[in-house]
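Chemist: One structure, as structure tokens, below. Some questions next.
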Amino acid sequence: MNTELPQHPNPWQTVSTRETYANPWIRVREDQVIKPTGGPGIYGVVEYKNIAVGVIPLDAEGFTWLVGQWRYCHGRYEWEIPEGGCPAGESPAEAARRELLEETGIVAEKIEPLLTGIQLSNSTTNEVCDIFIATGLTHAQAQPEDTEQLEVLRLPLTEAIQMARNGRIRDSVSVLALLAVEGRPPPKEH
């Protein structure tokens with residue numbers, strides 16, 4: 001059985017591009033385009049300068065950790081897996097390791113990929129995310145950034161998965177990661 005998907009040519013034509021806003025994390029541009037139907041149009045794109053990373057820490061007892069924080073854009077408190085950005089020059093695995101330490105104080109002996117290149121909002125952004133599983137956990141001091149006021153919660157992985165299933169966790173990276181890790185056996189400690 002052939003599992004390769006067919007390739008399709010790009011039906012969009014970019015006529016011109018204009019930067020409308022930029023900061024250290026994003027660039028917003030407006031493109032004048034010819035739409036697939038042949039008519040003129042505009043397309044707004046948010047380009048992310050970092051790759052997003054998420055990490056699910058798992059211990060041998062079947063527990064994980066979530067991070068709670070106020071999410072400014074949504075105007076509400078949210079629970080998520082530890083997440084952050086991976087700037088150019090840092091590997092996504094090392095960024096996940098760093099974010100785990102910064103947000104939870106957890107040091108991981110092993111980081112392994114769970115999902116890579118996930119498109120977070122492909123109609124308006126180029127943002128992609130790599131998600132990892134962290135095992136062989138030891139604890140140190142959390143080092144949150146000055147934009148983060150975090151609460152850390154240790155709970156059974158099964159409970160975190162249920163939170164993703166029932167809408168108590170709404171962050172797309174967290175929901176996807178928790179559903180992807182569902183059913184995996186807990187890691188064996190060395």
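Chain labels A, B, ... are given in the sequence in which chains occur in the structure tokens; within each chain residues are numbered consecutively from 1, and ligands are likewise numbered from 1 in the order shown.
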Please tabulate, as a tab-separated table, the residues of range 110-148 of chain A that come within 10 Å of range 27-47 of chain A, each with its closest pair of atoms and the distance in Å to one decimal, counting only C-alpha atoms and ordering rows by chain, then residue number upward.

Modeler:
```
residue	atom	partner	partner_atom	distance
A:Ser121	CA	A:Val46	CA	9.8
A:Asn122	CA	A:Val45	CA	9.6
A:Ser123	CA	A:Val45	CA	8.3
A:Thr124	CA	A:Val45	CA	5.2
A:Thr125	CA	A:Val46	CA	4.6
A:Asn126	CA	A:Glu47	CA	5.4
A:Glu127	CA	A:Glu47	CA	6.8
```

Chemist: Okay, now the selection with C-alpha atoms, as a PDB file, in the first residue's frame?

Modeler:
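Saved the output as part_12.pdb:
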```pdb
ATOM      1  CA  SER A 121      -2.092  27.802  13.247  1.00  0.00           C
ATOM      2  CA  ASN A 122      -1.309  27.181   9.601  1.00  0.00           C
ATOM      3  CA  SER A 123      -3.821  29.609   8.119  1.00  0.00           C
ATOM      4  CA  THR A 124      -2.208  32.730   9.620  1.00  0.00           C
ATOM      5  CA  THR A 125       1.237  31.794  10.980  1.00  0.00           C
ATOM      6  CA  ASN A 126       4.341  29.789  10.132  1.00  0.00           C
ATOM      7  CA  GLU A 127       4.745  28.685  13.772  1.00  0.00           C
TER       8      GLU A 127
END
```

Chemist: Looking only at the backbone, which of the residues in chain A does DSSP tag as strand (DSSP E or B), as a PyMOL selection string?

Modeler: chain A and resi 13-22+26-34+40-48+51-57+63-71+76-80+83-86+106-119+125+128-139+151-156

Chemist: Any idea what's packed within 12 Å of Gln162 in chain A, counting only C-alpha atoms, ignoring anything in its chain fewer than 4 positions away? Could you give it as a ChimeraX atom specification?

Modeler: /A:155-158,166-170,174-175,178-179,182

Chemist: May I have a table of the residues of range 130-182 of chain A lying at most 7 Å from range 90-114 of chain A, giving each one's closest pair of atoms and their distance in Å to one decimal, counting only C-alpha atoms, ordered by chain and ascending residue number, as a Markdown table?

Modeler:
```
| residue | atom | partner | partner_atom | distance |
| --- | --- | --- | --- | --- |
| A:Asp130 | CA | A:Pro92 | CA | 6.8 |
| A:Ile131 | CA | A:Leu114 | CA | 5.5 |
| A:Phe132 | CA | A:Pro113 | CA | 4.4 |
| A:Ile133 | CA | A:Glu112 | CA | 5.4 |
| A:Ala134 | CA | A:Ile111 | CA | 4.6 |
| A:Thr135 | CA | A:Lys110 | CA | 5.2 |
| A:Gly136 | CA | A:Glu109 | CA | 4.7 |
| A:Leu137 | CA | A:Ala108 | CA | 4.7 |
| A:Thr138 | CA | A:Val107 | CA | 5.2 |
| A:His139 | CA | A:Ile106 | CA | 4.6 |
| A:Ala140 | CA | A:Gly105 | CA | 4.8 |
| A:Gln141 | CA | A:Gly105 | CA | 4.6 |
| A:Ala142 | CA | A:Gly105 | CA | 3.6 |
| A:Gln143 | CA | A:Glu102 | CA | 4.1 |
| A:Pro144 | CA | A:Glu102 | CA | 5.0 |
| A:Val152 | CA | A:Thr104 | CA | 6.3 |
```

Chemist: Could you tell me how far CA of Ser172 in chain A lies from CA of Thr17 in chain A, in Å and to one decimal?

Modeler: 29.4 Å
